[in-house]
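**Student:** Here it is: the structure, laid out below.
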Amino acid sequence: MHPTISRADFTDPRLAAFLQAHLDDLAPTAPPESRHALDLAALDSPRVRMWVAAAPDGIVGTTALAALDAGHEELKSMRTEPRARGREVASALLVHALDDARSRGVARVSLETGSMEFFAPARSLYAGAGFVPCEPFGSYVEDPHSTFMTLEVTRR
């Protein structure tokens with residue numbers, strides 16, 4: 001599957017539904033204080049760049065980069081529609097986001113994901129892309145429900 005990746009249209013009701021499904025998927029994985037996914041309003045911010053992967057039958061994935069400080073951004077809202085999992089959607093979105101970061105001179109991209117089995121495929125994807133474990137960054141604190149990873153972004 002080769003979805004079309006474009007900047008998010010925050011007025012698209014399909015995006016709102018997709019992001020709500022993301023929050024719903026995450027709800028049973030950790031207590032509320034350990035869930036860090038952003039909702040539609042938080043993603044629709046000047047400090048966030050968000051993309052949508054679309055197939056003929058709708059949205060199949062999302063990703064975003066949120067500015068932390070000069071040269072450091074956080075990967076957010078990585079989600080693949082369950083029916084599209086295993087079809088390289090997440091890989092395509094990750095490459096797209098990292099290429100965007102590189103093109104803008106971002107030095108580091110970090111992320112927080114869950115430490116539970118539900119998130120094992122995500123951790124594997126990130127490790128395969130070169131992300132390594134790191135300490136909590138930004139406003140995060142140590143949390144047994146979280147795994148923190150980072151990648152020094154270099155020009156190809």
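We name chains A, B, ... following the order of the structure tokens; residues begin at 1 in each chain, and ligands are numbered from 1 as shown.
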Tell me which protein, DNA and RNA residues are within 12 Å of Leu40 (chain A), counting only C-alpha atoms, leaving out same-chain ones fewer than 3 positions away, and put them as a ChimeraX atom specification.
**Tutor:** /A:8-23,37,43-45,48,50,62,64,76-77
**Student:** Write the selection just made, keeping N, CA and C atoms, as a PDB file, in the first residue's frame?
**Tutor:**
```pdb
ATOM      1  N   ALA A   8      -2.177  17.731   7.263  1.00  0.00           N
ATOM      2  CA  ALA A   8      -3.502  17.486   7.835  1.00  0.00           C
ATOM      3  C   ALA A   8      -4.437  18.662   7.597  1.00  0.00           C
ATOM      4  N   ASP A   9      -5.681  18.334   7.305  1.00  0.00           N
ATOM      5  CA  ASP A   9      -6.759  19.310   7.188  1.00  0.00           C
ATOM      6  C   ASP A   9      -7.591  19.171   8.455  1.00  0.00           C
ATOM      7  N   PHE A  10      -7.412  20.095   9.379  1.00  0.00           N
ATOM      8  CA  PHE A  10      -8.078  19.992  10.673  1.00  0.00           C
ATOM      9  C   PHE A  10      -9.582  20.231  10.602  1.00  0.00           C
ATOM     10  N   THR A  11     -10.085  20.638   9.446  1.00  0.00           N
ATOM     11  CA  THR A  11     -11.531  20.797   9.288  1.00  0.00           C
ATOM     12  C   THR A  11     -12.189  19.514   8.778  1.00  0.00           C
ATOM     13  N   ASP A  12     -11.385  18.511   8.431  1.00  0.00           N
ATOM     14  CA  ASP A  12     -11.903  17.247   7.910  1.00  0.00           C
ATOM     15  C   ASP A  12     -12.463  16.403   9.054  1.00  0.00           C
ATOM     16  N   PRO A  13     -13.776  16.117   9.061  1.00  0.00           N
ATOM     17  CA  PRO A  13     -14.341  15.322  10.159  1.00  0.00           C
ATOM     18  C   PRO A  13     -13.760  13.911  10.233  1.00  0.00           C
ATOM     19  N   ARG A  14     -13.230  13.404   9.122  1.00  0.00           N
ATOM     20  CA  ARG A  14     -12.592  12.078   9.151  1.00  0.00           C
ATOM     21  C   ARG A  14     -11.347  12.105  10.030  1.00  0.00           C
ATOM     22  N   LEU A  15     -10.617  13.236  10.031  1.00  0.00           N
ATOM     23  CA  LEU A  15      -9.428  13.351  10.875  1.00  0.00           C
ATOM     24  C   LEU A  15      -9.834  13.356  12.349  1.00  0.00           C
ATOM     25  N   ALA A  16     -10.869  14.100  12.682  1.00  0.00           N
ATOM     26  CA  ALA A  16     -11.343  14.118  14.071  1.00  0.00           C
ATOM     27  C   ALA A  16     -11.721  12.717  14.528  1.00  0.00           C
ATOM     28  N   ALA A  17     -12.419  11.972  13.690  1.00  0.00           N
ATOM     29  CA  ALA A  17     -12.829  10.608  14.045  1.00  0.00           C
ATOM     30  C   ALA A  17     -11.612   9.690  14.164  1.00  0.00           C
ATOM     31  N   PHE A  18     -10.645   9.840  13.269  1.00  0.00           N
ATOM     32  CA  PHE A  18      -9.435   9.016  13.288  1.00  0.00           C
ATOM     33  C   PHE A  18      -8.653   9.260  14.575  1.00  0.00           C
ATOM     34  N   LEU A  19      -8.502  10.526  14.946  1.00  0.00           N
ATOM     35  CA  LEU A  19      -7.757  10.848  16.159  1.00  0.00           C
ATOM     36  C   LEU A  19      -8.502  10.406  17.409  1.00  0.00           C
ATOM     37  N   GLN A  20      -9.824  10.473  17.401  1.00  0.00           N
ATOM     38  CA  GLN A  20     -10.589   9.984  18.547  1.00  0.00           C
ATOM     39  C   GLN A  20     -10.417   8.477  18.687  1.00  0.00           C
ATOM     40  N   ALA A  21     -10.387   7.759  17.563  1.00  0.00           N
ATOM     41  CA  ALA A  21     -10.152   6.310  17.604  1.00  0.00           C
ATOM     42  C   ALA A  21      -8.773   6.023  18.194  1.00  0.00           C
ATOM     43  N   HIS A  22      -7.796   6.878  17.895  1.00  0.00           N
ATOM     44  CA  HIS A  22      -6.448   6.748  18.455  1.00  0.00           C
ATOM     45  C   HIS A  22      -6.507   6.871  19.981  1.00  0.00           C
ATOM     46  N   LEU A  23      -7.180   7.894  20.465  1.00  0.00           N
ATOM     47  CA  LEU A  23      -7.312   8.083  21.918  1.00  0.00           C
ATOM     48  C   LEU A  23      -8.060   6.911  22.548  1.00  0.00           C
ATOM     49  N   ALA A  37      -1.031  11.132  24.339  1.00  0.00           N
ATOM     50  CA  ALA A  37      -1.494  11.444  22.993  1.00  0.00           C
ATOM     51  C   ALA A  37      -2.224  12.782  23.002  1.00  0.00           C
ATOM     52  N   LEU A  43      -3.257  19.309  18.528  1.00  0.00           N
ATOM     53  CA  LEU A  43      -2.479  19.101  17.303  1.00  0.00           C
ATOM     54  C   LEU A  43      -2.626  20.273  16.337  1.00  0.00           C
ATOM     55  N   ASP A  44      -3.758  20.961  16.392  1.00  0.00           N
ATOM     56  CA  ASP A  44      -4.014  22.105  15.518  1.00  0.00           C
ATOM     57  C   ASP A  44      -3.381  23.340  16.153  1.00  0.00           C
ATOM     58  N   SER A  45      -2.056  23.345  16.148  1.00  0.00           N
ATOM     59  CA  SER A  45      -1.271  24.377  16.821  1.00  0.00           C
ATOM     60  C   SER A  45      -0.132  24.809  15.906  1.00  0.00           C
ATOM     61  N   VAL A  48       2.988  22.596  15.817  1.00  0.00           N
ATOM     62  CA  VAL A  48       2.848  21.209  15.371  1.00  0.00           C
ATOM     63  C   VAL A  48       2.698  21.156  13.849  1.00  0.00           C
ATOM     64  N   MET A  50       1.511  18.341  11.156  1.00  0.00           N
ATOM     65  CA  MET A  50       0.854  17.042  11.129  1.00  0.00           C
ATOM     66  C   MET A  50       0.572  16.618   9.693  1.00  0.00           C
ATOM     67  N   THR A  62      -1.578   8.615  10.559  1.00  0.00           N
ATOM     68  CA  THR A  62      -1.211   9.990  10.892  1.00  0.00           C
ATOM     69  C   THR A  62       0.145  10.017  11.577  1.00  0.00           C
ATOM     70  N   ALA A  64       2.888  13.371  13.402  1.00  0.00           N
ATOM     71  CA  ALA A  64       3.100  14.798  13.625  1.00  0.00           C
ATOM     72  C   ALA A  64       4.458  15.016  14.266  1.00  0.00           C
ATOM     73  N   LYS A  76       4.776  12.755  17.347  1.00  0.00           N
ATOM     74  CA  LYS A  76       3.487  12.585  18.010  1.00  0.00           C
ATOM     75  C   LYS A  76       2.498  11.929  17.045  1.00  0.00           C
ATOM     76  N   SER A  77       1.443  11.398  17.608  1.00  0.00           N
ATOM     77  CA  SER A  77       0.270  10.936  16.862  1.00  0.00           C
ATOM     78  C   SER A  77       0.560   9.957  15.733  1.00  0.00           C
TER      79      SER A  77
END
```
**Student:** Write out as a PDB file with C-alpha atoms, in the first residue's frame the residues lying within 9 Å of Leu93 (chain A), counting only C-alpha atoms and excluding same-chain residues fewer than 6 positions away.
**Tutor:**
```
ATOM      1  CA  ILE A   5       0.783  11.700   2.466  1.00  0.00           C
ATOM      2  CA  TRP A  51       0.428  14.715   8.161  1.00  0.00           C
ATOM      3  CA  VAL A  52      -2.249  12.277   7.081  1.00  0.00           C
ATOM      4  CA  ALA A  53      -1.770   9.144   4.995  1.00  0.00           C
ATOM      5  CA  GLY A  61      -2.426   6.847   9.194  1.00  0.00           C
ATOM      6  CA  THR A  62      -1.211   9.990  10.892  1.00  0.00           C
ATOM      7  CA  THR A  63       1.979  11.446  12.287  1.00  0.00           C
ATOM      8  CA  MET A  78       1.775   7.993  15.002  1.00  0.00           C
TER       9      MET A  78
END
```
**Student:** Give me every strand (DSSP E) residue in region 24-117 of chain A, going by DSSP on the backbone, as number ranges by chain.
**Tutor:** A: 48-55, 58-69, 72-80, 108-114
**Student:** Kindly indicate which residue among A:Pro144, A:Pro46, A:Pro56, A:Pro82 lies nearest to Thr113 (chain A), using only C-alpha atoms for the distances.
**Tutor:**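 Result for the nearest residue to Thr113 (chain A): A:Pro144.
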**Student:** Pick out the residues sitting within 12 Å of region 97-104 of chain A, and hand them over as number ranges by chain; count only C-alpha atoms, and ignore anything fewer than 2 positions along from it in its own chain.
**Tutor:** A: 5-7, 48-53, 62-67, 70-78, 90-95, 106-110, 126, 129-131, 150-156
**Student:** Which is closest to Glu88 (chain A) among A:Arg35, A:His2, A:Arg47, A:Arg123, if we use only C-alpha atoms?
**Tutor:**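 Checking each candidate against Glu88 (chain A), we get A:His2 as the closest.
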**Student:** Pick out the closest residue to Ala120 (chain A) from this set: A:Ala42, A:Ala54, A:Ser146, A:Glu33. Count only C-alpha atoms.
**Tutor:**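 Checking each candidate against Ala120 (chain A), we get A:Ser146 as the closest.
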**Student:** Would you please work out which residue, of A:Gly105, A:Gly128, A:Pro133, A:Pro3, is nearest to Thr147 (chain A) when using only C-alpha atoms?
**Tutor:** A:Pro133
**Student:** Name the residues of chain A that come out as alpha helix (DSSP H) in a backbone DSSP run; write them as a compact mmCIF listing (two decimals) with C-alpha atoms, in the first residue's frame.
**Tutor:**
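Writing the result to out-v2.txt gives the following:
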```txt
# COMPACT_ATOMS: atom_id res chain seq x y z
CA PRO A 13 -14.34 15.32 10.16
CA ARG A 14 -12.59 12.08 9.15
CA LEU A 15 -9.43 13.35 10.87
CA ALA A 16 -11.34 14.12 14.07
CA ALA A 17 -12.83 10.61 14.05
CA PHE A 18 -9.43 9.02 13.29
CA LEU A 19 -7.76 10.85 16.16
CA GLN A 20 -10.59 9.98 18.55
CA ALA A 21 -10.15 6.31 17.60
CA HIS A 22 -6.45 6.75 18.45
CA LEU A 23 -7.31 8.08 21.92
CA ASP A 24 -9.85 5.28 22.38
CA ASP A 25 -7.24 2.64 21.42
CA LEU A 26 -4.82 4.05 24.00
CA LEU A 40 -7.36 17.40 17.70
CA ALA A 41 -7.25 20.83 19.36
CA ALA A 42 -3.73 20.31 20.70
CA LEU A 43 -2.48 19.10 17.30
CA VAL A 89 1.94 2.89 6.34
CA ALA A 90 3.76 3.73 9.58
CA SER A 91 7.14 3.33 7.90
CA ALA A 92 6.14 5.73 5.11
CA LEU A 93 4.84 8.28 7.62
CA LEU A 94 7.97 8.03 9.76
CA VAL A 95 10.26 8.52 6.77
CA HIS A 96 8.15 11.49 5.67
CA ALA A 97 8.30 13.15 9.09
CA LEU A 98 12.05 12.57 9.49
CA ASP A 99 12.72 13.89 5.97
CA ASP A 100 10.70 16.99 6.84
CA ALA A 101 12.69 17.47 10.05
CA ARG A 102 15.99 17.08 8.18
CA SER A 103 14.92 19.56 5.50
CA ALA A 120 5.97 -3.48 20.86
CA PRO A 121 5.42 -3.00 17.09
CA ALA A 122 5.88 0.75 17.49
CA ARG A 123 9.08 0.36 19.51
CA SER A 124 10.39 -2.06 16.88
CA LEU A 125 9.58 0.41 14.08
CA TYR A 126 11.38 3.22 15.89
CA ALA A 127 14.43 1.10 16.76
CA GLY A 128 14.63 -0.01 13.13
```
**Student:** Just the number, please: distance in Å from CA of Ala27 (chain A) to CA of Asp69 (chain A), one decimal.
**Tutor:**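 It comes out at 28.5 Å.
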**Student:** Which value, in Å to one decimal, gives the distance between CA of Gly138 (chain A) and CA of Phe118 (chain A)?
**Tutor:**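 Straight-line distance from CA of Gly138 (chain A) to CA of Phe118 (chain A) works out to 24.1 Å.
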